[in-house]
Each structure stands twice: as structure tokens, then as C-alpha cells.
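Novice: Mind having a look at this structure? Questions to follow.
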Amino acid sequence: MDSNFPHTLFNMKTEIKRNITIWILLVLLICTSTIFSENGYKYSFLIIIGLSVVKFLSVIFQFVEVKHAHPVWKLTSLLFVIIYFFGVLILF
Amino acid sequence: MENSINKQNTNSIYYPPGGILIWFLIILEIFTFLGATLIFVYYRHNSPEEFAQSKTLLNPILGTINTIILITSGLFIALSINKLRENNYRKSSLYILFGVTLGVLFLIIKGYEFYHKLDSGIGFNYNNFFTFYWLMTGFHFVHVLFGVGLLAYMYKAVKKKKYNAEHMFDVEASATYWHMCDLIWILIFPILYLI
């Protein structure tokens with residue numbers, strides 16, 4: 001089966017730069033989450049879960065390339081993180 | 001013409017990245033882990049002291065290092081897809097190899113953590129926290145193990161030029177599976193190790 005993605009439609013160099021930028025952002029967010037976990041700040045829990053949502057969306061939109069997919073797949077991804085965020089928030 | 005065909009495919013609901021079948025698997029998997037996560041948080045709410053005490057038996061620094069390793073592996077797999085779209089087989093296979101190596105490193109560190117836990121007598125039935133810990137991290141471990149095997153096969157196939165920019169569906173599906181392992185870890189790591 002042929003590739004589904006329009007590699008001719010966007011500049012691959014730009015995509016590579018974006019992937020690396022997102023990776024740097026993810027590493028910073030992972031370290032930030034751990035720092036908040038260690039310092040015992042009152043709202044650490046909320047920040048850590050919020051950062052998880054940002055990390056999830058960054059990976060799924062950039063690395064998995066959902067940003068190029070049909071809106072249904074974008075909405076499914078967003079719906080999932082909304083359930084995760086509010087589910088954890090309510091049950092915590 | 002080719003561009004318009006590709007654009008049409010991309011915008012079709014039936015052609016998410018990696019194909020619709022891998023997406024059925026992803027939805028099934030991440031919603032299963034979501035359910036486990038929410039049940040874990042519910043149990044935590046009912047026994048906060050037991051869960052807070054148990055969390056101190058985990059090493060968040062080791063968990064953070066492992067998270068960075070897995071995310072970096074995901075980056076290399078994403079870059080290998082970019083390079084394969086340019087028909088750059090050498091770099092594409094090299095990036096897959098980096099991704100697989102980091103995946104193996106993740107498994108080694110996780111294996112060390114599992115061994116340390118078992119050696120300390122912290123097994124599946126230790127308490128509720130560790131029942132969830134073994135279930136969630138154990139299942140994730142199996143997924144990563146399968147992903148490493150899948151990517152190792154893709155490494156050989158790309159190196160032998162079995163795929164190219166116009167025919168790389170299997171590589172994309174494998175990459176999507178690998179990113180699913182990242183996504184699951186992103187959800188369970190903070191719940192188990194950080195909060």
C-alpha cells in the first residue's frame with residue numbers, strides 16, 4: 001500500500017526542525033514535571049497533569065502527524081486528553 | 001496530480017497516520033490505559049496514605065531518565081520517517097537503529113527497576129498501589145518489547161531498500177505503534193511516579 005502522507009506538500013527540512021523543537025520542549029516539560037513533584041508545591045498535581053496533557057498533544061500532533069490528518073482524528077485526540085485531564089481532576 | 005491524490009488521502013477519515021487499523025489498536029490501547037489510570041486515581045483517593053507511602057518506594061529520577069530516553073527514541077523514529085520520505089535510506093535506517101537502541105535501553109532500565117522491586121519483596125500482591133504499578137508498567141513493558149522487535153525488522157527492511165517514499169505504509173504504521181508506547185508512558189508515568 002502506498003504512503004498516505006503528502007511528503008511532497010511540505011518541506012521536510014521544516015518538519016525535521018519542528019520535530020527537534022518539539023523534542024526539546026518535551027524534555028523541558030518532563031524535567032519541569034519532576035521538579036514540581038519534588039518540591040511539594042500545593043498545586044503541583046494540577047501542573048503535572050496539565051503538563052502531561054501538553055506532552056501528549058505535542059507527541060500525537062507532531063510525531064504521529066495527526067496535524068495532517070482528518071479533523072475526526074484531531075478531535076478524537078483532543079477528546080481523549082479532555083477525559084484524561086478532567087477524569088483525573090475529579091477523582092483525585 | 002500526485003499531490004492532489006495524496007492530499008485527498010490525507011484528508012480522508014479512512015487514512016489517519018499509519019492507517020486506520022493501527023488507529024483502532026491505538027484507541028483500544030490508550031482507552032484501556034486511561035481506564036486503569038482513572039481506577040488507580042480513584043483507589044488513591046480512598047487510600048491516600050498507603051499510595052503516598054508506596055510512591056516513595058519508586059525512583060522518580062530513574063523514571064524521568066527513562067521517559068526522556070523513550071521520547072528521544074520517538075524523535076528518532078519520527079526523523080527516520082522524514083528521511084525515508086526523501087528516499088534517504090542510510091539516514092532513515094540509522095535513525096531507526098538509534099530509536100531501537102534507546103528502546104532497548106528503556107527496557108534494560110525498566111528491567112533493573114523490576115528486578116530491584118522483586119528483590120526487595122515488592123511484588124504484585126504487596127498492596128493496591130503496586131498491583132496497579134505491576135499491571136500498568138508490566139503491560140507497557142510488553143508493548144515496548146514488541147515495538148523493539150517491530151522496529152528492528154523495519155531497520156533491516158529499510159536498509160535493504162524494501163520501502164521508499166511512495167511505498168512506506170508499513171514503516172509509518174510501525175512508527176505510529178512506537179509513538180503509542182510514548183503516549184501510554186506519558187499518561188502513566190506522572191500518575192505512578194510524580195503525584
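Identifiers in the C-alpha cells: chain A, B, ... in order shown; residue index from 1 per chain; ligand index from 1 in order shown.
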Taking only C-alpha atoms into account, which residues of chain B are within 7 Å of chain A, as an MDAnalysis selection string?
Specialist: chainID B and resid 3 6:7 9:13 15:17 34 38 41:42 45 64 68 75 78:79 82 85 166:169 176 179 183 186:187 190 194:195
Novice: DSSP on the backbone, then: every residue of region 12-138 of chain B marked helix (DSSP H, G or I), written as a ChimeraX atom specification.
Specialist: /B:20-46,48-55,60-85,89-119,128-138
Novice: Convert the current residue selection to file output with C-alpha atoms, as a CSV table (one decimal), in the first residue's frame.
Specialist:
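Listed below is the output, selection-v1.csv:
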```
chain,number,residue,atom,x,y,z
B,20,ILE,CA,-6.9,3.0,10.2
B,21,LEU,CA,-6.2,-0.5,11.6
B,22,ILE,CA,-3.3,0.8,13.8
B,23,TRP,CA,-5.6,3.6,15.0
B,24,PHE,CA,-8.2,1.1,16.1
B,25,LEU,CA,-5.5,-0.6,18.1
B,26,ILE,CA,-4.3,2.8,19.5
B,27,ILE,CA,-7.8,3.8,20.6
B,28,LEU,CA,-8.3,0.5,22.2
B,29,GLU,CA,-5.0,0.6,24.0
B,30,ILE,CA,-5.0,4.1,25.2
B,31,PHE,CA,-8.5,4.0,26.4
B,32,THR,CA,-7.7,0.8,28.3
B,33,PHE,CA,-4.7,2.5,30.0
B,34,LEU,CA,-7.0,5.6,30.6
B,35,GLY,CA,-9.4,3.3,32.4
B,36,ALA,CA,-6.6,1.8,34.5
B,37,THR,CA,-5.3,5.3,35.3
B,38,LEU,CA,-8.7,6.6,36.4
B,39,ILE,CA,-9.3,3.5,38.6
B,40,PHE,CA,-5.8,4.0,40.1
B,41,VAL,CA,-6.6,7.6,40.9
B,42,TYR,CA,-10.0,6.5,42.5
B,43,TYR,CA,-8.2,4.0,44.7
B,44,ARG,CA,-5.6,6.6,45.6
B,45,HIS,CA,-8.4,9.0,46.7
B,46,ASN,CA,-9.7,6.2,49.0
B,48,PRO,CA,-4.1,8.4,50.2
B,49,GLU,CA,-1.6,7.5,52.9
B,50,GLU,CA,-0.9,4.0,51.5
B,51,PHE,CA,-0.4,5.4,48.0
B,52,ALA,CA,1.8,8.3,49.2
B,53,GLN,CA,3.9,5.9,51.2
B,54,SER,CA,4.2,3.4,48.3
B,55,LYS,CA,5.2,6.2,45.8
B,60,PRO,CA,11.3,9.4,40.1
B,61,ILE,CA,14.7,10.3,38.8
B,62,LEU,CA,15.1,6.9,37.1
B,63,GLY,CA,11.6,7.2,35.8
B,64,THR,CA,12.4,10.7,34.4
B,65,ILE,CA,15.5,9.4,32.7
B,66,ASN,CA,13.6,6.6,31.2
B,67,THR,CA,10.9,9.0,30.0
B,68,ILE,CA,13.5,11.1,28.2
B,69,ILE,CA,15.0,8.0,26.7
B,70,LEU,CA,11.6,6.9,25.3
B,71,ILE,CA,10.8,10.4,24.0
B,72,THR,CA,14.2,10.6,22.3
B,73,SER,CA,13.6,7.3,20.7
B,74,GLY,CA,10.3,8.6,19.4
B,75,LEU,CA,12.1,11.6,18.0
B,76,PHE,CA,14.5,9.3,16.0
B,77,ILE,CA,11.6,7.3,14.7
B,78,ALA,CA,9.8,10.5,13.5
B,79,LEU,CA,13.1,11.7,11.9
B,80,SER,CA,13.5,8.3,10.2
B,81,ILE,CA,10.1,8.7,8.6
B,82,ASN,CA,11.1,12.3,7.4
B,83,LYS,CA,14.3,10.8,5.9
B,84,LEU,CA,12.5,7.9,4.2
B,85,ARG,CA,10.2,10.4,2.5
B,89,TYR,CA,17.8,5.1,3.2
B,90,ARG,CA,21.1,5.4,5.0
B,91,LYS,CA,19.9,8.1,7.4
B,92,SER,CA,16.4,6.6,7.8
B,93,SER,CA,17.8,3.2,8.8
B,94,LEU,CA,20.4,4.8,11.0
B,95,TYR,CA,17.7,6.8,12.9
B,96,ILE,CA,15.6,3.6,13.3
B,97,LEU,CA,18.7,1.9,14.7
B,98,PHE,CA,19.1,4.8,17.2
B,99,GLY,CA,15.4,4.5,18.1
B,100,VAL,CA,15.6,0.7,18.6
B,101,THR,CA,18.8,1.1,20.8
B,102,LEU,CA,17.1,3.6,23.0
B,103,GLY,CA,14.1,1.3,23.2
B,104,VAL,CA,16.4,-1.5,24.4
B,105,LEU,CA,18.0,0.9,26.9
B,106,PHE,CA,14.5,1.8,28.2
B,107,LEU,CA,13.8,-1.9,28.7
B,108,ILE,CA,17.1,-2.5,30.5
B,109,ILE,CA,16.5,0.3,32.9
B,110,LYS,CA,12.9,-0.9,33.5
B,111,GLY,CA,14.1,-4.4,33.9
B,112,TYR,CA,16.6,-3.2,36.5
B,113,GLU,CA,13.8,-1.4,38.3
B,114,PHE,CA,11.6,-4.5,38.2
B,115,TYR,CA,14.5,-6.7,39.5
B,116,HIS,CA,15.1,-4.2,42.3
B,117,LYS,CA,11.5,-4.2,43.3
B,118,LEU,CA,11.2,-8.0,43.3
B,119,ASP,CA,14.5,-8.3,45.2
B,128,ASN,CA,-3.1,-1.9,45.8
B,129,PHE,CA,-0.5,0.7,44.6
B,130,PHE,CA,1.9,-2.0,43.5
B,131,THR,CA,-0.8,-4.1,41.9
B,132,PHE,CA,-1.5,-1.2,39.6
B,133,TYR,CA,2.2,-0.5,39.2
B,134,TRP,CA,3.0,-4.0,38.0
B,135,LEU,CA,-0.1,-4.2,35.8
B,136,MET,CA,0.4,-0.8,34.1
B,137,THR,CA,4.2,-0.8,33.8
B,138,GLY,CA,4.3,-4.5,33.0
```
Novice: Provide the CA of Tyr193 (chain B) to CA of Tyr43 (chain A) distance in Å, to one decimal place.
Specialist: 16.3 Å
Novice: Nearest residue to Asn88 (chain B) out of B:Phe124, B:Tyr163, B:Phe146, B:Phe139, using only C-alpha atoms?
Specialist: B:Tyr163
Novice: If you measure from CA of Thr56 (chain B) to CA of Ile82 (chain A), what distance in Å do you get, rounded to one decimal?
Specialist: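 Between CA of Thr56 (chain B) and CA of Ile82 (chain A) the gap works out to 28.6 Å.
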